[in-house]
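S.K.: What follows is the file upload.cif, containing mmCIF, C-alpha atoms:
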data_protein
loop_
_atom_site.label_atom_id
_atom_site.label_comp_id
_atom_site.auth_asym_id
_atom_site.auth_seq_id
_atom_site.Cartn_x
_atom_site.Cartn_y
_atom_site.Cartn_z
CA MET A 780 0.31 46.26 -157.21
CA ASN A 781 3.14 44.27 -158.76
CA GLU A 782 4.21 44.33 -162.38
CA GLY A 783 2.50 41.03 -163.25
CA ASP A 784 -0.90 42.11 -161.91
CA LEU A 785 -0.53 45.41 -163.68
CA GLN A 786 0.16 43.74 -167.00
CA ARG A 787 -2.79 41.46 -166.47
CA PHE A 788 -5.00 44.48 -165.72
CA GLU A 789 -3.83 46.20 -168.89
CA ARG A 790 -4.49 43.05 -170.88
CA VAL A 791 -7.91 42.05 -169.58
CA VAL A 792 -9.54 45.30 -168.46
CA LEU A 793 -8.20 48.20 -170.53
CA PRO A 794 -9.35 46.77 -173.90
CA HIS A 795 -12.93 47.45 -172.76
CA LEU A 796 -12.57 51.20 -172.37
CA ASP A 797 -14.71 51.89 -175.45
CA ASP A 798 -17.56 49.83 -174.00
CA ALA A 799 -17.09 51.49 -170.63
CA TYR A 800 -17.25 54.90 -172.29
CA THR A 801 -20.32 53.92 -174.32
CA LEU A 802 -22.20 52.84 -171.19
CA ALA A 803 -21.20 56.04 -169.38
CA ARG A 804 -22.35 58.14 -172.34
CA TYR A 805 -25.78 56.51 -172.23
CA LEU A 806 -26.13 56.69 -168.48
CA LEU A 807 -24.89 60.26 -168.06
CA ARG A 808 -25.80 61.72 -171.46
CA ASP A 809 -22.81 64.03 -171.37
CA GLU A 810 -19.46 63.34 -172.99
CA HIS A 811 -17.37 65.19 -170.43
CA ASP A 812 -19.07 63.58 -167.46
CA ALA A 813 -18.65 60.24 -169.21
CA GLN A 814 -14.92 60.80 -169.61
CA ASP A 815 -14.51 61.69 -165.95
CA VAL A 816 -16.54 58.70 -164.82
CA VAL A 817 -14.66 56.24 -167.04
CA GLN A 818 -11.37 57.50 -165.66
CA GLU A 819 -12.65 57.23 -162.11
CA ALA A 820 -14.10 53.76 -162.75
CA SER A 821 -10.87 52.52 -164.34
CA LEU A 822 -8.82 53.59 -161.36
CA ARG A 823 -11.33 52.05 -159.02
CA ALA A 824 -11.16 48.84 -161.06
CA LEU A 825 -7.40 48.89 -160.70
CA ARG A 826 -7.68 49.34 -156.95
CA TYR A 827 -10.12 46.44 -156.62
CA PHE A 828 -8.47 44.23 -159.21
CA ASP A 829 -7.61 41.77 -156.43
CA GLY A 830 -11.33 41.14 -156.05
CA TYR A 831 -11.80 40.32 -159.73
CA SER A 832 -12.34 36.60 -159.82
CA GLY A 833 -11.58 35.93 -163.46
CA GLY A 834 -15.09 36.03 -164.95
CA ASP A 835 -16.06 38.30 -167.83
CA ALA A 836 -13.80 41.33 -167.36
CA ARG A 837 -16.03 43.46 -169.55
CA ALA A 838 -19.13 42.89 -167.40
CA TRP A 839 -17.01 43.43 -164.31
CA LEU A 840 -15.76 46.79 -165.58
CA LEU A 841 -19.24 47.80 -166.76
CA ALA A 842 -20.61 47.14 -163.27
CA ILE A 843 -18.03 49.52 -161.83
CA VAL A 844 -18.79 52.11 -164.51
CA ARG A 845 -22.49 51.84 -163.71
CA ASN A 846 -21.89 52.32 -159.98
CA CYS A 847 -19.61 55.29 -160.58
CA SER A 848 -22.20 56.80 -162.93
CA LEU A 849 -24.90 56.51 -160.29
CA THR A 850 -22.69 58.12 -157.68
CA TRP A 851 -21.75 60.82 -160.15
CA ARG A 852 -25.37 61.54 -160.98
CA LYS A 853 -26.31 61.86 -157.34
CA ARG A 854 -23.36 64.15 -156.74
CA ARG A 855 -24.01 66.30 -159.76
CA ARG A 856 -27.77 66.19 -159.63
CA VAL A 857 -27.94 66.01 -163.38
CA ASP A 858 -31.32 67.08 -164.62
CA GLU A 859 -32.82 63.80 -165.76
CA ARG A 860 -35.40 65.45 -167.95
CA THR A 861 -33.01 67.08 -170.38
CA VAL A 862 -32.13 65.24 -173.55
CA PRO A 863 -29.05 66.54 -175.36
CA PHE A 864 -29.42 66.78 -179.09
CA GLU A 865 -25.74 66.37 -179.98
CA ASP A 866 -26.04 62.64 -180.54
CA ALA A 867 -27.73 63.19 -183.85
CA GLU A 868 -24.50 64.71 -185.18
CA ASP A 869 -22.30 62.12 -183.54
CA ALA A 870 -24.24 59.49 -185.41
CA LEU A 871 -23.09 60.68 -188.82
CA PRO A 872 -19.51 59.40 -189.09
CA THR A 873 -20.37 55.80 -188.32
CA SER A 874 -22.79 55.56 -191.18
CA ASP A 875 -21.63 53.05 -193.74
CA ALA A 876 -24.51 53.44 -196.14
CA ASP A 877 -23.43 53.69 -199.76
CA SER A 878 -25.36 56.68 -201.07
CA PRO A 879 -25.79 60.14 -199.55
CA ASP A 880 -29.55 59.65 -199.37
CA ALA A 881 -29.24 56.32 -197.64
CA ALA A 882 -26.67 57.84 -195.30
CA ALA A 883 -29.07 60.65 -194.43
CA VAL A 884 -31.90 58.22 -193.83
CA GLN A 885 -29.70 56.10 -191.64
CA ALA A 886 -28.43 59.13 -189.73
CA SER A 887 -31.96 60.26 -189.02
CA GLU A 888 -32.88 56.72 -187.96
CA GLN A 889 -29.90 56.74 -185.62
CA ALA A 890 -30.95 60.09 -184.21
CA ARG A 891 -34.49 58.78 -183.68
CA VAL A 892 -33.24 55.69 -181.85
CA GLN A 893 -30.82 57.79 -179.84
CA GLN A 894 -33.62 60.12 -178.75
CA ALA A 895 -35.88 57.21 -177.88
CA ILE A 896 -33.23 55.53 -175.71
CA ALA A 897 -32.35 58.83 -174.04
CA SER A 898 -35.98 59.38 -173.13
CA LEU A 899 -36.28 56.09 -171.23
CA PRO A 900 -36.22 56.18 -167.42
CA ASP A 901 -32.78 55.27 -166.04
CA GLU A 902 -33.68 51.73 -164.96
CA PHE A 903 -35.01 50.88 -168.42
CA ARG A 904 -32.27 52.66 -170.31
CA GLU A 905 -29.49 50.76 -168.58
CA VAL A 906 -30.93 47.32 -169.31
CA ILE A 907 -31.59 48.22 -172.94
CA VAL A 908 -28.04 49.49 -173.42
CA LEU A 909 -26.52 46.48 -171.67
CA ARG A 910 -28.61 44.12 -173.80
CA GLU A 911 -28.81 45.75 -177.26
CA VAL A 912 -25.56 47.72 -177.33
CA GLN A 913 -23.26 45.70 -175.07
CA ASP A 914 -24.89 42.35 -175.85
CA LEU A 915 -24.76 41.03 -172.29
CA SER A 916 -26.77 37.98 -171.19
CA TYR A 917 -29.62 38.27 -168.66
CA ARG A 918 -27.36 36.91 -165.97
CA GLU A 919 -24.59 39.41 -166.73
CA ILE A 920 -27.09 42.28 -166.81
CA GLY A 921 -28.42 41.11 -163.44
CA ASP A 922 -24.88 41.12 -162.06
CA VAL A 923 -24.10 44.58 -163.42
CA VAL A 924 -27.34 46.15 -162.23
CA GLY A 925 -27.57 44.10 -159.03
CA VAL A 926 -31.07 42.67 -159.54
CA PRO A 927 -32.47 39.14 -160.07
CA ILE A 928 -32.88 37.81 -163.61
CA GLY A 929 -36.67 38.06 -163.33
CA THR A 930 -36.33 41.81 -162.76
CA VAL A 931 -33.97 42.10 -165.73
CA MET A 932 -36.58 40.37 -167.90
CA SER A 933 -39.49 42.51 -166.78
CA ARG A 934 -37.52 45.76 -167.18
CA LEU A 935 -36.29 44.69 -170.58
CA ALA A 936 -39.82 43.81 -171.66
CA ARG A 937 -41.20 47.15 -170.51
CA ALA A 938 -38.30 49.05 -172.06
CA ARG A 939 -38.86 47.34 -175.42
CA LYS A 940 -42.56 48.03 -175.24
CA ARG A 941 -41.86 51.73 -174.78
CA LEU A 942 -39.28 51.76 -177.54
CA ALA A 943 -41.69 50.05 -179.92
CA VAL A 944 -44.23 52.79 -179.24
CA LEU A 945 -41.68 55.61 -179.48
CA LEU A 946 -40.25 54.24 -182.71
CA GLN A 947 -43.71 53.35 -184.04
CA ILE A 948 -42.79 49.76 -184.65
CA ASP A 949 -45.67 47.39 -185.16
CA ALA A 950 -45.50 43.97 -186.71
CA ARG A 951 -48.34 44.86 -189.08
CA GLU A 952 -46.00 47.31 -190.77
CA ALA A 953 -42.79 45.47 -190.10
CA SER A 954 -43.78 42.21 -191.69
CA MET B 1144 -53.65 39.08 -177.01
CA VAL B 1145 -50.50 37.13 -176.28
CA CYS B 1146 -51.05 33.81 -174.61
CA ASP B 1147 -50.22 34.29 -170.92
CA GLN B 1148 -47.96 31.30 -170.53
CA TYR B 1149 -45.69 32.54 -173.35
CA ARG B 1150 -45.46 36.21 -172.41
CA ASP B 1151 -41.96 36.09 -170.88
CA ALA B 1152 -40.78 33.28 -173.08
CA LEU B 1153 -41.09 35.37 -176.24
CA GLU B 1154 -38.45 37.81 -174.99
CA ALA B 1155 -36.23 35.01 -173.75
CA ARG B 1156 -36.55 33.26 -177.13
CA LEU B 1157 -35.56 36.46 -178.89
CA ASP B 1158 -32.56 36.99 -176.61
CA GLY B 1159 -31.33 33.44 -177.03
CA GLU B 1160 -31.85 32.68 -173.36
CA LEU B 1161 -33.89 29.49 -173.75
CA ALA B 1162 -32.64 25.94 -173.78
CA ALA B 1163 -32.96 24.20 -177.14
CA GLU B 1164 -36.09 22.23 -176.20
CA GLU B 1165 -37.87 25.29 -174.81
CA ALA B 1166 -36.94 27.26 -177.90
CA ARG B 1167 -38.42 24.55 -180.14
CA GLU B 1168 -41.62 24.61 -178.12
CA ILE B 1169 -41.94 28.37 -178.58
CA ASP B 1170 -41.26 28.06 -182.28
CA ARG B 1171 -44.00 25.44 -182.61
CA HIS B 1172 -46.39 27.74 -180.78
CA LEU B 1173 -45.46 30.75 -182.93
CA ALA B 1174 -46.25 28.73 -186.03
CA THR B 1175 -49.82 28.22 -184.89
CA CYS B 1176 -50.69 31.39 -182.91
CA PRO B 1177 -50.95 34.58 -185.04
CA SER B 1178 -51.24 36.91 -182.06
CA CYS B 1179 -48.08 35.62 -180.36
CA ALA B 1180 -46.34 35.58 -183.75
CA ARG B 1181 -47.23 39.20 -184.29
CA GLN B 1182 -46.00 40.16 -180.83
CA PHE B 1183 -42.79 38.27 -181.48
CA ALA B 1184 -42.26 40.06 -184.79
CA THR B 1185 -42.76 43.45 -183.12
CA LEU B 1186 -40.20 42.55 -180.46
CA ALA B 1187 -37.73 41.30 -183.03
CA GLU B 1188 -38.12 44.40 -185.16
CA THR B 1189 -37.68 46.67 -182.12
CA ARG B 1190 -34.58 44.78 -181.16
CA ARG B 1191 -33.17 45.02 -184.70
CA VAL B 1192 -33.86 48.75 -185.09
CA VAL B 1193 -32.38 49.59 -181.71
CA SER B 1194 -29.29 47.43 -181.85
CA GLU B 1195 -28.47 48.40 -185.44
CA ASN B 1196 -28.87 52.13 -184.87
CA ALA B 1197 -27.77 52.73 -181.29
CA MET B 1198 -24.45 54.54 -181.07
CA ARG B 1199 -21.29 52.72 -180.03
CA TYR B 1200 -18.89 55.36 -178.83
CA THR B 1201 -15.12 55.28 -178.94
CA ALA B 1202 -13.36 56.55 -175.85
CA PRO B 1203 -11.25 59.59 -176.82
CA ASP B 1204 -7.52 58.91 -177.21
CA VAL B 1205 -6.73 61.50 -174.59
CA LEU B 1206 -8.90 59.67 -172.08
CA LYS B 1207 -7.21 56.37 -172.88
CA ALA B 1208 -3.81 58.02 -172.58
CA ARG B 1209 -4.75 59.49 -169.21
CA ILE B 1210 -5.95 56.16 -167.90
CA ARG B 1211 -2.95 54.23 -169.19
CA GLY B 1212 -0.70 56.88 -167.70
CA ALA B 1213 -2.41 56.69 -164.32
CA VAL B 1214 -2.27 52.90 -164.39
CA ALA B 1215 1.42 52.90 -165.26
CA ARG B 1216 2.10 55.47 -162.54
CA SER B 1217 0.43 53.33 -159.93
CA ALA B 1218 3.03 50.63 -160.41
CA SER B 1219 6.26 52.45 -161.08
CA PRO B 1220 8.14 54.71 -158.68
CA PRO B 1221 7.82 58.46 -159.31
CA VAL B 1222 9.94 59.97 -162.08
CA ALA B 1223 13.34 60.89 -160.78
CA THR B 1224 14.00 64.60 -160.61
CA GLY B 1225 17.04 66.26 -162.12
CA THR B 1226 18.30 66.24 -165.67
CA GLY B 1227 19.18 63.20 -167.62
CA ASN B 1228 17.46 60.57 -169.67
CA LYS B 1229 14.00 61.87 -169.14
CA PHE B 1230 14.71 64.86 -171.38
CA ARG B 1231 15.99 62.78 -174.22
CA TRP B 1232 12.60 62.79 -175.90
CA TRP B 1233 12.71 66.40 -176.98
CA ARG B 1234 16.02 65.93 -178.66
CA GLU B 1235 14.04 63.86 -181.11
CA ILE B 1236 11.60 66.60 -181.90
CA ALA B 1237 12.57 68.56 -184.97
CA ALA B 1238 11.33 72.09 -185.51
CA GLY B 1239 12.47 75.62 -186.19
CA VAL B 1240 11.60 76.82 -182.76
CA ALA B 1241 9.61 74.63 -180.47
CA ILE B 1242 8.31 75.09 -177.01
CA ALA B 1243 7.07 72.19 -175.02
CA ILE B 1244 4.98 72.62 -171.94
CA VAL B 1245 4.49 69.83 -169.52
CA SER B 1246 2.00 69.94 -166.74
CA SER B 1247 4.07 68.34 -164.09
CA SER B 1248 4.86 69.15 -160.55
CA ILE B 1249 8.16 67.37 -160.66
CA THR B 1250 10.32 69.29 -163.09
CA PHE B 1251 9.93 72.70 -164.66
CA MET B 1252 11.47 74.36 -167.65
CA ALA B 1253 10.67 77.51 -169.57
CA ALA B 1254 11.71 80.10 -172.07
CA SER B 1255 11.98 83.61 -170.76
CA ARG B 1256 14.82 86.06 -170.71
CA SER B 1257 13.28 89.05 -172.40
CA ALA B 1258 9.98 90.82 -171.89
CA ARG B 1259 8.90 89.52 -175.26
CA ALA B 1260 9.61 85.94 -174.34
CA TYR B 1261 7.79 86.55 -171.10
CA SER B 1262 4.51 87.48 -172.70
CA GLU B 1263 4.97 84.74 -175.25
CA ALA B 1264 5.16 82.37 -172.31
CA ASP B 1265 1.95 83.91 -170.96
CA GLU B 1266 0.16 83.12 -174.16
CA LEU B 1267 1.59 79.64 -174.37
CA LEU B 1268 0.57 78.95 -170.81
CA ALA B 1269 -2.96 80.17 -171.51
CA SER B 1270 -3.08 77.99 -174.63
CA HIS B 1271 -1.77 75.00 -172.70
CA VAL B 1272 -4.27 75.35 -169.86
CA ARG B 1273 -7.11 75.87 -172.34
CA SER B 1274 -6.02 72.72 -174.17
CA LEU B 1275 -6.51 70.70 -171.00
CA MET B 1276 -10.19 71.60 -170.76
CA PRO B 1277 -12.48 68.91 -172.10
CA GLY B 1278 -12.63 68.82 -175.88
CA HIS B 1279 -9.86 71.36 -176.51
CA LEU B 1280 -6.77 69.20 -176.69
CA THR B 1281 -6.73 67.94 -180.24
CA ASP B 1282 -8.29 68.74 -183.60
CA VAL B 1283 -6.94 65.47 -184.94
CA PRO B 1284 -6.90 62.88 -182.19
CA SER B 1285 -4.66 60.06 -183.30
CA THR B 1286 -1.80 57.99 -182.01
CA GLN B 1287 -0.47 57.59 -185.56
CA GLN B 1288 2.23 60.05 -186.65
CA HIS B 1289 1.22 59.36 -190.27
CA THR B 1290 -2.25 60.70 -189.51
CA VAL B 1291 -1.18 63.68 -187.45
CA LYS B 1292 1.61 65.06 -189.65
CA PRO B 1293 -0.34 65.32 -192.92
CA TRP B 1294 -3.24 66.93 -191.09
CA PHE B 1295 -1.13 70.10 -190.69
CA ASN B 1296 -0.66 70.46 -194.47
CA GLY B 1297 -2.38 73.63 -195.61
CA ARG B 1298 -3.44 74.56 -192.10
CA VAL B 1299 -0.19 75.98 -190.80
CA ASP B 1300 2.91 77.32 -192.56
CA VAL B 1301 5.39 75.09 -190.73
CA SER B 1302 5.49 71.37 -190.96
CA PRO B 1303 6.23 70.22 -187.43
CA ALA B 1304 8.19 67.09 -186.72
CA VAL B 1305 5.99 64.35 -185.36
CA PRO B 1306 8.37 61.68 -184.10
CA ASN B 1307 7.16 58.44 -182.65
CA LEU B 1308 8.12 58.50 -178.98
CA ASP B 1309 6.10 55.51 -177.82
CA LYS B 1310 9.18 53.59 -176.81
CA ALA B 1311 10.42 56.52 -174.73
CA GLY B 1312 7.09 56.50 -172.88
CA PHE B 1313 5.51 59.49 -174.61
CA PRO B 1314 2.55 58.23 -176.64
CA LEU B 1315 1.27 60.57 -179.33
CA VAL B 1316 -2.20 61.92 -178.55
CA GLY B 1317 -2.82 64.06 -181.63
CA GLY B 1318 -2.40 67.51 -183.09
CA ARG B 1319 -4.20 70.81 -183.29
CA ALA B 1320 -3.81 74.24 -184.83
CA ASP B 1321 -3.59 77.04 -182.27
CA TYR B 1322 -3.17 80.81 -182.36
CA VAL B 1323 -0.23 82.24 -180.44
CA ARG B 1324 1.34 85.72 -180.80
CA GLY B 1325 -0.49 86.49 -184.00
CA ARG B 1326 0.44 83.24 -185.71
CA VAL B 1327 -1.39 80.09 -186.45
CA VAL B 1328 0.94 77.43 -185.09
CA PRO B 1329 0.97 73.65 -185.16
CA VAL B 1330 0.78 71.90 -181.82
CA VAL B 1331 1.73 68.27 -181.45
CA VAL B 1332 0.40 66.66 -178.31
CA TYR B 1333 2.06 63.86 -176.37
CA ALA B 1334 1.11 62.21 -173.11
CA ARG B 1335 3.42 61.28 -170.30
CA ARG B 1336 2.09 59.30 -167.34
CA GLY B 1337 -1.23 61.12 -167.45
CA HIS B 1338 0.33 64.52 -168.10
CA MET B 1339 -0.15 66.28 -171.40
CA ILE B 1340 2.72 67.81 -173.35
CA ASN B 1341 2.00 70.45 -176.00
CA VAL B 1342 4.80 70.99 -178.51
CA TYR B 1343 4.43 74.28 -180.42
CA ALA B 1344 6.55 75.16 -183.45
CA TRP B 1345 7.12 78.23 -185.59
CA PRO B 1346 9.85 79.57 -187.91
CA SER B 1347 12.65 81.66 -186.47
CA SER B 1348 14.45 84.61 -188.05
CA SER B 1349 17.65 83.79 -186.17
CA GLN B 1350 20.24 81.52 -187.65
CA GLY B 1351 21.49 78.37 -186.03
CA GLY B 1352 20.34 76.59 -182.96
CA SER B 1353 20.05 77.57 -179.37
CA PRO B 1354 20.53 75.42 -176.31
CA ALA B 1355 17.41 74.21 -174.62
CA ASN B 1356 16.22 76.58 -172.04
CA ASP B 1357 14.00 75.67 -169.18
CA HIS B 1358 11.74 77.47 -166.77
CA SER B 1359 8.70 76.99 -164.61
CA ARG B 1360 5.62 79.09 -164.39
CA ASN B 1361 2.48 78.56 -162.33
CA GLY B 1362 3.49 75.00 -161.79
CA TYR B 1363 3.88 74.27 -165.51
CA HIS B 1364 7.08 73.24 -167.06
CA PHE B 1365 8.40 74.90 -170.24
CA VAL B 1366 11.21 73.90 -172.56
CA ASN B 1367 12.27 76.24 -175.35
CA TRP B 1368 14.79 75.59 -178.11
CA ARG B 1369 15.75 76.69 -181.56
CA SER B 1370 17.22 74.34 -184.06
CA SER B 1371 18.36 74.55 -187.64
CA THR B 1372 19.11 70.89 -187.92
CA GLY B 1373 15.67 69.80 -186.90
CA ARG B 1374 16.96 68.33 -183.70
CA CYS B 1375 16.72 69.70 -180.25
CA PRO B 1376 20.07 70.39 -178.58
CA THR B 1377 20.85 68.52 -175.43
#
The structure in this file should be written as structure tokens.
M.R.:
Amino acid sequence: MNEGDLQRFERVVLPHLDDAYTLARYLLRDEHDAQDVVQEASLRALRYFDGYSGGDARAWLLAIVRNCSLTWRKRRRVDERTVPFEDAEDALPTSDADSPDAAAVQASEQARVQQAIASLPDEFREVIVLREVQDLSYREIGDVVGVPIGTVMSRLARARKRLAVLLQIDAREAS
Amino acid sequence: MVCDQYRDALEARLDGELAAEEAREIDRHLATCPSCARQFATLAETRRVVSENAMRYTAPDVLKARIRGAVARSASPPVATGTGNKFRWWREIAAGVAIAIVSSSITFMAASRSARAYSEADELLASHVRSLMPGHLTDVPSTQQHTVKPWFNGRVDVSPAVPNLDKAGFPLVGGRADYVRGRVVPVVVYARRGHMINVYAWPSSSQGGSPANDHSRNGYHFVNWRSSTGRCPT
């Protein structure tokens, strides 16, 4: 790879490492596995940078991260039923609530949401994370996951339905 | 019950995926159909709770340093062997006694002439290898020298130099406190093309400086020096 391509890679792809890491954390539910996968995905992205056609670099990188995560999971045979509890603690520092009580409430809300997302089946969890955390469009999600938009919509709908039940959200209370 | 023809459209409306005219049609329907309106409110609330509370993680600095190092390595020719400019960085590092260990297969340096230095090197090597295991590298991960240096205040009895070596190609990764030979010592961590460099420092009873001394051990590269001026000798 020549110097110009390399600089372009650093400029358009490397700024998305936090998003890549976030997706890997959700898909693998382990921080060390996530680190390894993001490193692997970044190097793979570099190798295939020729094939990047100039669309949304973030979605392009996320697609590679997702594929690497799937391969990793198959290789490692991660037990899909376990749900690590560490995320509840991780949630604390990002709290920007102004009183300790509010911060505690928010932290517990974050832990609840984290648990709910973690408990979703893989195919629902990935669309929820791509939509609600990464803010991708249906089309981008379809590209990342490799399914038609109609499938994205039905998975998203079912994932939200489950989350609403898990989080006990009902419009009668919400409104 | 949600009206069948609007089932999918409610989600699409929420996600901003409808054209303006379709969106207006849904809004008109929501204004007149309580059951669809309630379903829409549940969806919107679910979306709000999840997107506001779901964690956004930050990739650890050490991971970013590794990736940037590997990317840079893929373009540039391998580091030349031999002495010369590549060792200039540790001249910049000020400390009483400092030992830097680089995990590199290219060049090796170490500190060991006496039996005492030998076992010191053993401990440093163990500490270095341990630091490379996930989650052990830094207590204060930061690329800012002004964050890393003050972190050592009150934690260790030496204040290590934390120079900015970005321009020389050694980005700062962070710092940690470690325990070596019965002392709590500061460790400043730098990256170099995907390799990690641990710089340890502690006070010396000897006066004056000593020339830098290099050695290899188990494929790791050690540099040892003593300095009274705060600079590493050439």
S.K.: Might you pull out every residue within 12 Å of stretch 1159-1174 of chain B, with only C-alpha atoms counted and same-chain residues fewer than 4 positions away left off, and present them as a PyMOL selection string?
M.R.: (chain A and resi 910+914-919+928+932) or (chain B and resi 1145-1146+1148-1155+1178-1184+1187)
S.K.: Give me the result of the PyMOL selection byres ((chain A and resi 895) around 10) on this file, residue by residue, as a list in words.
M.R.: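 This file, filtered by the PyMOL selection byres ((chain A and resi 895) around 10), leaves Val862, Gln889, Ala890, Arg891, Val892, Gln893, Gln894, Ile896, Ala897, Ser898, Leu899, Arg904, Arg941, Leu942, Ala943, Val944, Leu945 and Leu946 of chain A; Val1193 and Ala1197 of chain B.
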S.K.: For A:Gln786, which residue out of B:Ala1355, B:Gln1350, B:Arg1211, B:Phe1365 is the nearest one, using all atoms listed in the file?
M.R.: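 Among the listed residues, the smallest separation from A:Gln786 belongs to B:Arg1211.
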S.K.: Given the file above and the PyMOL selection byres ((chain A and resi 850) around 12), which residues are selected, and can you give them as a list of chain:residue names?
M.R.: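 When the PyMOL selection byres ((chain A and resi 850) around 12) is applied, the selected residues are A:Ala803, A:Leu806, A:Leu807, A:Asp812, A:Val816, A:Glu819, A:Ala820, A:Ile843, A:Val844, A:Arg845, A:Asn846, A:Cys847, A:Ser848, A:Leu849, A:Trp851, A:Arg852, A:Lys853, A:Arg854, A:Arg855, A:Arg856, A:Val857.
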S.K.: Work out how far apart atom CA of B:Asp1147 and atom CA of B:Val1192 are and give it in Å to one decimal.
M.R.: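 Separation between atom CA of B:Asp1147 and atom CA of B:Val1192: 26.0 Å.
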S.K.: Give the answer as one residue: which of B:Ala1215, B:Asp1321, B:Pro1277, B:Arg1360 has the shortest atom-to-atom distance to A:Asp784, using all atoms listed in the file?
M.R.: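 Distance minimum relative to A:Asp784 lands on B:Ala1215.
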S.K.: Go through A:Leu785, A:Val931, A:Ala836, A:Ala938 one by one, measure the shortest atom-to-atom distance of each to chain B using all atoms listed in the file, and give the residue with the smallest value.
M.R.: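 Once distances to chain B are computed over all atoms listed in the file, the minimum belongs to A:Leu785.
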S.K.: Which distance in Å separates atom CA of B:Ser1274 and atom CA of B:Gly1352, to one decimal?
M.R.: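 Atom CA of B:Ser1274 sits 28.1 Å away from atom CA of B:Gly1352.
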S.K.: Which neighbours of A:Asp829 fall inside 12 Å, counting only C-alpha atoms, when residues of the same chain fewer than 2 positions from it are skipped, and could you give them as a list in words?
M.R.: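 So, after excluding close chain neighbours, the residues are Met780, Asn781, Asp784, Leu785, Arg787, Phe788, Arg823, Ala824, Leu825, Arg826, Tyr827, Tyr831, Ser832 and Gly833 of chain A.
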S.K.: As an exercise, work out the distance from atom CA of B:Asn1367 to atom CA of B:Leu1308 in Å and give it to one decimal place.
M.R.: 18.6 Å
S.K.: For each of B:Arg1369, B:His1358, B:His1338, B:His1271, take the minimum atom-to-atom distance to B:Ala1208, counting all atoms listed in the file, then give the residue where this is smallest.
M.R.: B:His1338
S.K.: Out of B:Tyr1363, B:Trp1345, B:Tyr1200, B:Tyr1322, which residue has the shortest atom-to-atom distance to chain A when counting only C-alpha atoms?
M.R.: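 Among the listed residues, the smallest separation from chain A belongs to B:Tyr1200.
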S.K.: Restricting the calculation to only C-alpha atoms: of B:Val1316, B:Ile1340, B:Cys1176, B:Leu1206, which residue gets closest to chain A?
M.R.: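 Under the stated criterion, the closest residue is B:Leu1206.
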S.K.: Name the residues in contact with B:Asp1309 at a cut-off of 10 Å, using all atoms listed in the file, excluding same-chain residues fewer than 4 positions from it; report them as an MDAnalysis selection string.
M.R.: chainID B and resid 1232 1286 1313:1315 1333:1335
S.K.: What would stretch 1338-1350 of chain B look like with N, CA and C atoms in place, written as a PDB file, in the coordinates of the input?
M.R.:
ATOM      1  N   HIS B1338       0.152  63.096-167.830  1.00  0.00           N
ATOM      2  CA  HIS B1338       0.330  64.520-168.100  1.00  0.00           C
ATOM      3  C   HIS B1338       0.276  64.750-169.601  1.00  0.00           C
ATOM      4  N   MET B1339      -0.102  65.953-169.993  1.00  0.00           N
ATOM      5  CA  MET B1339      -0.150  66.280-171.400  1.00  0.00           C
ATOM      6  C   MET B1339       0.996  67.210-171.752  1.00  0.00           C
ATOM      7  N   ILE B1340       1.623  66.956-172.890  1.00  0.00           N
ATOM      8  CA  ILE B1340       2.720  67.810-173.350  1.00  0.00           C
ATOM      9  C   ILE B1340       2.300  68.415-174.689  1.00  0.00           C
ATOM     10  N   ASN B1341       2.289  69.736-174.765  1.00  0.00           N
ATOM     11  CA  ASN B1341       2.000  70.450-176.000  1.00  0.00           C
ATOM     12  C   ASN B1341       3.315  70.907-176.598  1.00  0.00           C
ATOM     13  N   VAL B1342       3.582  70.527-177.843  1.00  0.00           N
ATOM     14  CA  VAL B1342       4.800  70.990-178.510  1.00  0.00           C
ATOM     15  C   VAL B1342       4.395  71.963-179.615  1.00  0.00           C
ATOM     16  N   TYR B1343       4.759  73.230-179.468  1.00  0.00           N
ATOM     17  CA  TYR B1343       4.430  74.280-180.420  1.00  0.00           C
ATOM     18  C   TYR B1343       5.634  74.485-181.329  1.00  0.00           C
ATOM     19  N   ALA B1344       5.417  74.890-182.566  1.00  0.00           N
ATOM     20  CA  ALA B1344       6.550  75.160-183.450  1.00  0.00           C
ATOM     21  C   ALA B1344       6.240  76.346-184.351  1.00  0.00           C
ATOM     22  N   TRP B1345       7.249  77.173-184.597  1.00  0.00           N
ATOM     23  CA  TRP B1345       7.120  78.230-185.590  1.00  0.00           C
ATOM     24  C   TRP B1345       8.493  78.597-186.128  1.00  0.00           C
ATOM     25  N   PRO B1346       8.557  79.249-187.313  1.00  0.00           N
ATOM     26  CA  PRO B1346       9.850  79.570-187.910  1.00  0.00           C
ATOM     27  C   PRO B1346      10.555  80.678-187.129  1.00  0.00           C
ATOM     28  N   SER B1347      11.858  80.664-187.187  1.00  0.00           N
ATOM     29  CA  SER B1347      12.650  81.660-186.470  1.00  0.00           C
ATOM     30  C   SER B1347      13.435  82.488-187.475  1.00  0.00           C
ATOM     31  N   SER B1348      13.644  83.773-187.165  1.00  0.00           N
ATOM     32  CA  SER B1348      14.450  84.610-188.050  1.00  0.00           C
ATOM     33  C   SER B1348      15.938  84.461-187.719  1.00  0.00           C
ATOM     34  N   SER B1349      16.246  83.962-186.548  1.00  0.00           N
ATOM     35  CA  SER B1349      17.650  83.790-186.170  1.00  0.00           C
ATOM     36  C   SER B1349      18.236  82.562-186.845  1.00  0.00           C
ATOM     37  N   GLN B1350      19.548  82.640-187.045  1.00  0.00           N
ATOM     38  CA  GLN B1350      20.240  81.520-187.650  1.00  0.00           C
ATOM     39  C   GLN B1350      20.706  80.555-186.559  1.00  0.00           C
TER      40      GLN B1350
END
